[in-house]
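J.: Structure incoming, see below.
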Amino acid sequence: MTDVMRQPESAARERGRVPTPPAVVAAAPSGGIELRSVRKSFGSTPAVDLPALSVPAGSLTVLVGPSGCGKSTLLRMIAGLETPEAGHIHIDGQDITAARPGERGVAMVFQDFALYPHMTVAANVGFGLVLEAKHAGRGALPRAEISRRVRDVCDLLGLGDKLGRRPRELSGGERQRVALARALVRRKPVLLLDEPLSNLDAGLRAQARAELIRLHREVAGTFVLVTHDQAEALSLGTRVVVLRAGRLEQAGTPEEIWRCPANLFVARFLGSPAMNIVADSRGRLLGWRPADAIALGVTSPPAAPTDAGEVFEGEVDVTEFVGDRRMAHCVGDHGPWSVEFPAATPVAVGQRIRVLVPAGSLHHFDAQTGTRL
Ligand code: ATP
């Protein structure tokens, strides 16, 4: 976001001829990140080991994976807070592997985004710029420009009427937005966000997700966000990077990794409840998502033609009411599986049910390697 707000009319605006828009207008996306052979270990444990990874300029790339898979370490290496023991990191074509954090063109929002309690929202947001200005000497940003930037970014984040409040006078969601504003005001090409929504309750989280998507669209920078929540990754990301034990399992659009998971790990990691996996007669593993099955009922005609899909039969072990749907967890000949029905469907524990999984919704995996076939 270095170039954000550096629009052609900015000089005229400076002279007071063009009114400052409340929202930040997008510049061409910048902040493309390339990682090449990046490795980092703590003791004998490799935390990150990535032959190659690209974060496209202008993307909202989400790093997702189970606890300890190396997401934060990777983010911290991009930020310059950890040093890779091997490999190179480029931002917009510049090798920044050895650059200091302040020279990389990145801003970061930490999970534990401590705000200064005695300072107002405006002072919290502008603090970094004021500090930089103090040390910058002649090239320093004038105070008026800092105030203008603070106002612009606070307007963008819906904090325009809260500039004079202290953090204790804000809701959790508002404090979160102050932390975001504090990073955005620095106008760096890359914004790094470490579990930025984890301190919010469920309702606020859903709202904050939508706000982040909108914000990303409006500032046209590159966002790299860490989460362990697969649903959050799918809903937020324009690109999702799935990590396990420091290694890349799959990277792609949310649709790609949902529709074509590269292996069993990715298939089971995405989706709640997880994809059903059962062995077929040829020793391969068949996967299908609980929502993709069509109930046949025990009284409907026997198995559909084989090229239409696979029919699974089982006994309902547990049912769960989940609002508009009902989950049935079943025990079948080839192991347990779950299926999702409309809530009004009568399913009872002990009932035998049959479902058809259309051929297009079946995923095949190698039983030995777990790789998609
Ligand atoms: P979480 O979702 O739990 O935050 P993560 O995916 O962000 O996890 P990292 O924090 O990057 O994972 O940690 C990756 C691995 O490196 C873990 O095994 C962790 O224990 C280890 N690790 C991270 N930081 C350090 C450190 N400073 N010293 C020693 N080991 C560390």
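Ligands are numbered from 1 in the order shown, chains are lettered A, B, ... in the order of the structure tokens, and residues start at 1 in each chain.
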Could you give me, as a tab-separated table, a per-residue list for chain A showing, wherever an atom lies at most 9 Å from an atom of ligand 1, the closest pair of atoms and their distance in Å to one decimal, using only C-alpha atoms and all ligand atoms and sorting by chain then residue number from low to high?

T.:
residue	atom	partner	partner_atom_place_in_ligand_line	distance
A:Lys40	CA	ligand 1	16 (O)	8.6
A:Ser41	CA	ligand 1	16 (O)	7.1
A:Phe42	CA	ligand 1	30 (N)	4.8
A:Gly43	CA	ligand 1	29 (C)	7.1
A:Thr45	CA	ligand 1	18 (O)	6.8
A:Pro46	CA	ligand 1	16 (O)	7.1
A:Ala47	CA	ligand 1	15 (C)	4.3
A:Val48	CA	ligand 1	14 (C)	7.1
A:Leu63	CA	ligand 1	6 (O)	8.7
A:Val64	CA	ligand 1	6 (O)	7.7
A:Gly65	CA	ligand 1	6 (O)	6.3
A:Pro66	CA	ligand 1	2 (O)	6.1
A:Ser67	CA	ligand 1	3 (O)	3.6
A:Gly68	CA	ligand 1	12 (O)	3.4
A:Cys69	CA	ligand 1	6 (O)	3.8
A:Gly70	CA	ligand 1	11 (O)	3.2
A:Lys71	CA	ligand 1	6 (O)	4.0
A:Ser72	CA	ligand 1	7 (O)	3.7
A:Thr73	CA	ligand 1	11 (O)	3.7
A:Leu74	CA	ligand 1	11 (O)	6.4
A:Leu75	CA	ligand 1	11 (O)	8.0
A:Arg76	CA	ligand 1	11 (O)	8.3
A:Glu82	CA	ligand 1	27 (N)	8.8
A:Asp194	CA	ligand 1	7 (O)	8.3
A:Glu195	CA	ligand 1	4 (O)	8.2
A:Val226	CA	ligand 1	7 (O)	7.5
A:Thr227	CA	ligand 1	2 (O)	6.9
A:His228	CA	ligand 1	2 (O)	5.6
A:Leu243	CA	ligand 1	6 (O)	8.0
A:Arg244	CA	ligand 1	6 (O)	8.2
A:Ala245	CA	ligand 1	14 (C)	7.5
A:Gly246	CA	ligand 1	14 (C)	6.9

J.: Based on the selection just made, write N, CA, C and O atoms of those residues as a short mmCIF file (atom, residue, chain, number, x, y, z; two decimals), in the first residue's frame.

T.:
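And here's selection_38.cif as it stands now:
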data_model
loop_
_atom_site.label_atom_id
_atom_site.label_comp_id
_atom_site.auth_asym_id
_atom_site.auth_seq_id
_atom_site.Cartn_x
_atom_site.Cartn_y
_atom_site.Cartn_z
N LYS A 40 13.44 -22.80 7.76
CA LYS A 40 13.69 -22.30 9.11
C LYS A 40 13.44 -23.43 10.10
O LYS A 40 12.40 -24.09 10.05
N SER A 41 14.42 -23.68 10.98
CA SER A 41 14.23 -24.72 12.00
C SER A 41 14.43 -24.09 13.37
O SER A 41 15.15 -23.11 13.51
N PHE A 42 13.78 -24.68 14.34
CA PHE A 42 14.06 -24.35 15.73
C PHE A 42 14.64 -25.62 16.33
O PHE A 42 13.92 -26.61 16.43
N GLY A 43 15.92 -25.61 16.68
CA GLY A 43 16.58 -26.84 17.11
C GLY A 43 16.57 -27.81 15.94
O GLY A 43 16.85 -27.43 14.81
N THR A 45 13.85 -29.26 14.87
CA THR A 45 12.52 -29.30 14.24
C THR A 45 12.42 -28.31 13.09
O THR A 45 12.55 -27.09 13.32
N PRO A 46 12.17 -28.79 11.86
CA PRO A 46 11.96 -27.83 10.79
C PRO A 46 10.58 -27.19 10.94
O PRO A 46 9.57 -27.88 10.99
N ALA A 47 10.55 -25.87 11.09
CA ALA A 47 9.27 -25.17 11.27
C ALA A 47 8.68 -24.80 9.91
O ALA A 47 7.47 -24.81 9.73
N VAL A 48 9.56 -24.46 8.95
CA VAL A 48 9.12 -24.11 7.60
C VAL A 48 10.14 -24.66 6.61
O VAL A 48 11.34 -24.52 6.82
N LEU A 63 -2.79 -18.13 4.84
CA LEU A 63 -1.98 -19.28 5.22
C LEU A 63 -2.77 -20.04 6.28
O LEU A 63 -3.11 -19.48 7.32
N VAL A 64 -3.06 -21.30 6.00
CA VAL A 64 -3.91 -22.05 6.93
C VAL A 64 -3.31 -23.43 7.16
O VAL A 64 -2.63 -23.99 6.30
N GLY A 65 -3.55 -23.95 8.33
CA GLY A 65 -3.05 -25.29 8.67
C GLY A 65 -3.20 -25.48 10.16
O GLY A 65 -3.49 -24.54 10.89
N PRO A 66 -2.99 -26.72 10.62
CA PRO A 66 -3.17 -26.98 12.05
C PRO A 66 -2.12 -26.28 12.89
O PRO A 66 -1.10 -25.82 12.37
N SER A 67 -2.38 -26.21 14.18
CA SER A 67 -1.46 -25.57 15.10
C SER A 67 -0.05 -26.14 14.94
O SER A 67 0.12 -27.35 14.83
N GLY A 68 0.94 -25.26 14.88
CA GLY A 68 2.33 -25.68 14.81
C GLY A 68 2.82 -25.99 13.40
O GLY A 68 3.94 -26.45 13.22
N CYS A 69 2.00 -25.71 12.36
CA CYS A 69 2.41 -26.07 11.00
C CYS A 69 3.36 -25.04 10.39
O CYS A 69 3.84 -25.22 9.27
N GLY A 70 3.63 -23.94 11.09
CA GLY A 70 4.63 -22.98 10.62
C GLY A 70 4.06 -21.71 10.02
O GLY A 70 4.80 -20.90 9.46
N LYS A 71 2.74 -21.49 10.17
CA LYS A 71 2.11 -20.31 9.57
C LYS A 71 2.73 -19.01 10.10
O LYS A 71 3.12 -18.15 9.32
N SER A 72 2.79 -18.90 11.42
CA SER A 72 3.29 -17.64 12.00
C SER A 72 4.76 -17.45 11.69
O SER A 72 5.21 -16.33 11.45
N THR A 73 5.52 -18.55 11.70
CA THR A 73 6.95 -18.44 11.40
C THR A 73 7.14 -17.92 9.99
O THR A 73 7.99 -17.05 9.74
N LEU A 74 6.33 -18.41 9.06
CA LEU A 74 6.41 -17.96 7.67
C LEU A 74 6.08 -16.46 7.59
O LEU A 74 6.79 -15.68 6.94
N LEU A 75 5.02 -16.05 8.27
CA LEU A 75 4.62 -14.64 8.26
C LEU A 75 5.72 -13.77 8.86
O LEU A 75 6.03 -12.70 8.33
N ARG A 76 6.29 -14.26 9.95
CA ARG A 76 7.34 -13.49 10.64
C ARG A 76 8.61 -13.39 9.79
O ARG A 76 9.35 -12.40 9.89
N GLU A 82 11.85 -12.95 11.84
CA GLU A 82 12.62 -14.20 11.91
C GLU A 82 13.50 -14.22 10.68
O GLU A 82 13.10 -13.73 9.62
N ASP A 194 -1.70 -11.67 11.53
CA ASP A 194 -1.57 -12.94 12.24
C ASP A 194 -2.82 -13.20 13.08
O ASP A 194 -3.02 -12.54 14.10
N GLU A 195 -3.66 -14.12 12.66
CA GLU A 195 -4.91 -14.45 13.36
C GLU A 195 -5.65 -13.19 13.79
O GLU A 195 -5.97 -13.02 14.98
N VAL A 226 -2.92 -15.12 8.43
CA VAL A 226 -2.74 -16.44 9.04
C VAL A 226 -3.99 -16.81 9.83
O VAL A 226 -4.51 -16.00 10.59
N THR A 227 -4.45 -18.02 9.64
CA THR A 227 -5.54 -18.53 10.48
C THR A 227 -5.42 -20.05 10.58
O THR A 227 -4.84 -20.68 9.71
N HIS A 228 -5.98 -20.60 11.67
CA HIS A 228 -6.02 -22.07 11.74
C HIS A 228 -7.43 -22.55 11.36
O HIS A 228 -7.71 -23.73 11.35
N LEU A 243 -0.78 -25.51 4.76
CA LEU A 243 0.52 -25.98 5.26
C LEU A 243 0.31 -27.11 6.24
O LEU A 243 -0.70 -27.16 6.94
N ARG A 244 1.29 -28.01 6.27
CA ARG A 244 1.30 -29.04 7.31
C ARG A 244 2.75 -29.32 7.66
O ARG A 244 3.55 -29.56 6.75
N ALA A 245 3.08 -29.29 8.94
CA ALA A 245 4.43 -29.56 9.41
C ALA A 245 5.47 -28.78 8.59
O ALA A 245 6.49 -29.32 8.19
N GLY A 246 5.18 -27.52 8.33
CA GLY A 246 6.15 -26.64 7.67
C GLY A 246 6.20 -26.79 6.16
O GLY A 246 6.93 -26.07 5.48
#

J.: Compile the contact shell of stretch 347-351 of chain A as a VMD selection string: residues with an atom at most 8 Å away, counting only C-alpha atoms, same-chain residues fewer than 3 positions apart removed.

T.: chain A and resid 315 to 319 328

J.: Taking into account only C-alpha atoms, which residue in the set A:Gly221, A:Pro167, A:Gly31, A:Gly323 is nearest to A:Pro117?

T.: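 Once distances to A:Pro117 are computed over only C-alpha atoms, the minimum belongs to A:Pro167.
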
J.: Considering only C-alpha atoms, can you say which of A:Ala262, A:Met119, A:Ile96, A:Ala107 comes closest to A:Ala181?

T.: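 The closest residue to A:Ala181 is A:Ala107.
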
J.: Using only C-alpha atoms, which of the listed residues (A:Leu197, A:Val150, A:Leu163, A:Leu141) sits closest to A:Phe110?

T.: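 For A:Phe110, the nearest of the given residues is A:Leu197.
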
J.: From a DSSP pass on the backbone, collect the residues of stretch 122-329 of chain A flagged as helix (DSSP H, G or I) and hand them back as a count of residues only.

T.: 94

J.: If you count only C-alpha atoms, which residues fall within 8 Å of A:Asn263, apart from same-chain ones fewer than 6 positions away, as a PyMOL selection string?

T.: chain A and resi 249+365+370-372

J.: Can you tell me which residues surround A:Thr253 at a distance of at most 9 Å, considering only C-alpha atoms, apart from same-chain residues fewer than 5 positions away, and format the answer as a list in words?

T.: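 The residues satisfying every condition are Leu234, Gly237, Thr238, Arg239, Val240, Val241 and Trp258 of chain A.
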
J.: Quick one: residues within 7 Å of A:Arg325, only C-alpha atoms, excluding same-chain residues fewer than 4 positions away - as number ranges by chain?

T.: A: 321, 340-343

J.: Select, from A:Gly158, A:Gly139, A:Gly80, A:Gly252, the residue with the minimum atom-to-atom distance to A:Ala208, counting only C-alpha atoms.

T.: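 Closest to A:Ala208 of all the choices is A:Gly158.
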
J.: Run DSSP on the backbone and grab whatever in stretch 125-341 of chain A lands in strand (DSSP E or B); send it over as a PyMOL selection string.

T.: chain A and resi 190-194+222-227+239-244+247-252+263+276-279+285-288+294-295+309-322+325-332+335-341

J.: Give me the residues near A:Arg352 as a list in words, where near means some atom within 12 Å (using only C-alpha atoms) and where sequence neighbours in that chain fewer than 5 positions away do not count.

T.: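 Non-adjacent residues within range: Ala295, Leu296, Gly297, Val298, Thr299, Phe312, Glu313, Gly314, Glu315, Val316, Asp317, Ala328, His329, Cys330, Val331, Gly332, Asp333 and Val347 of chain A.
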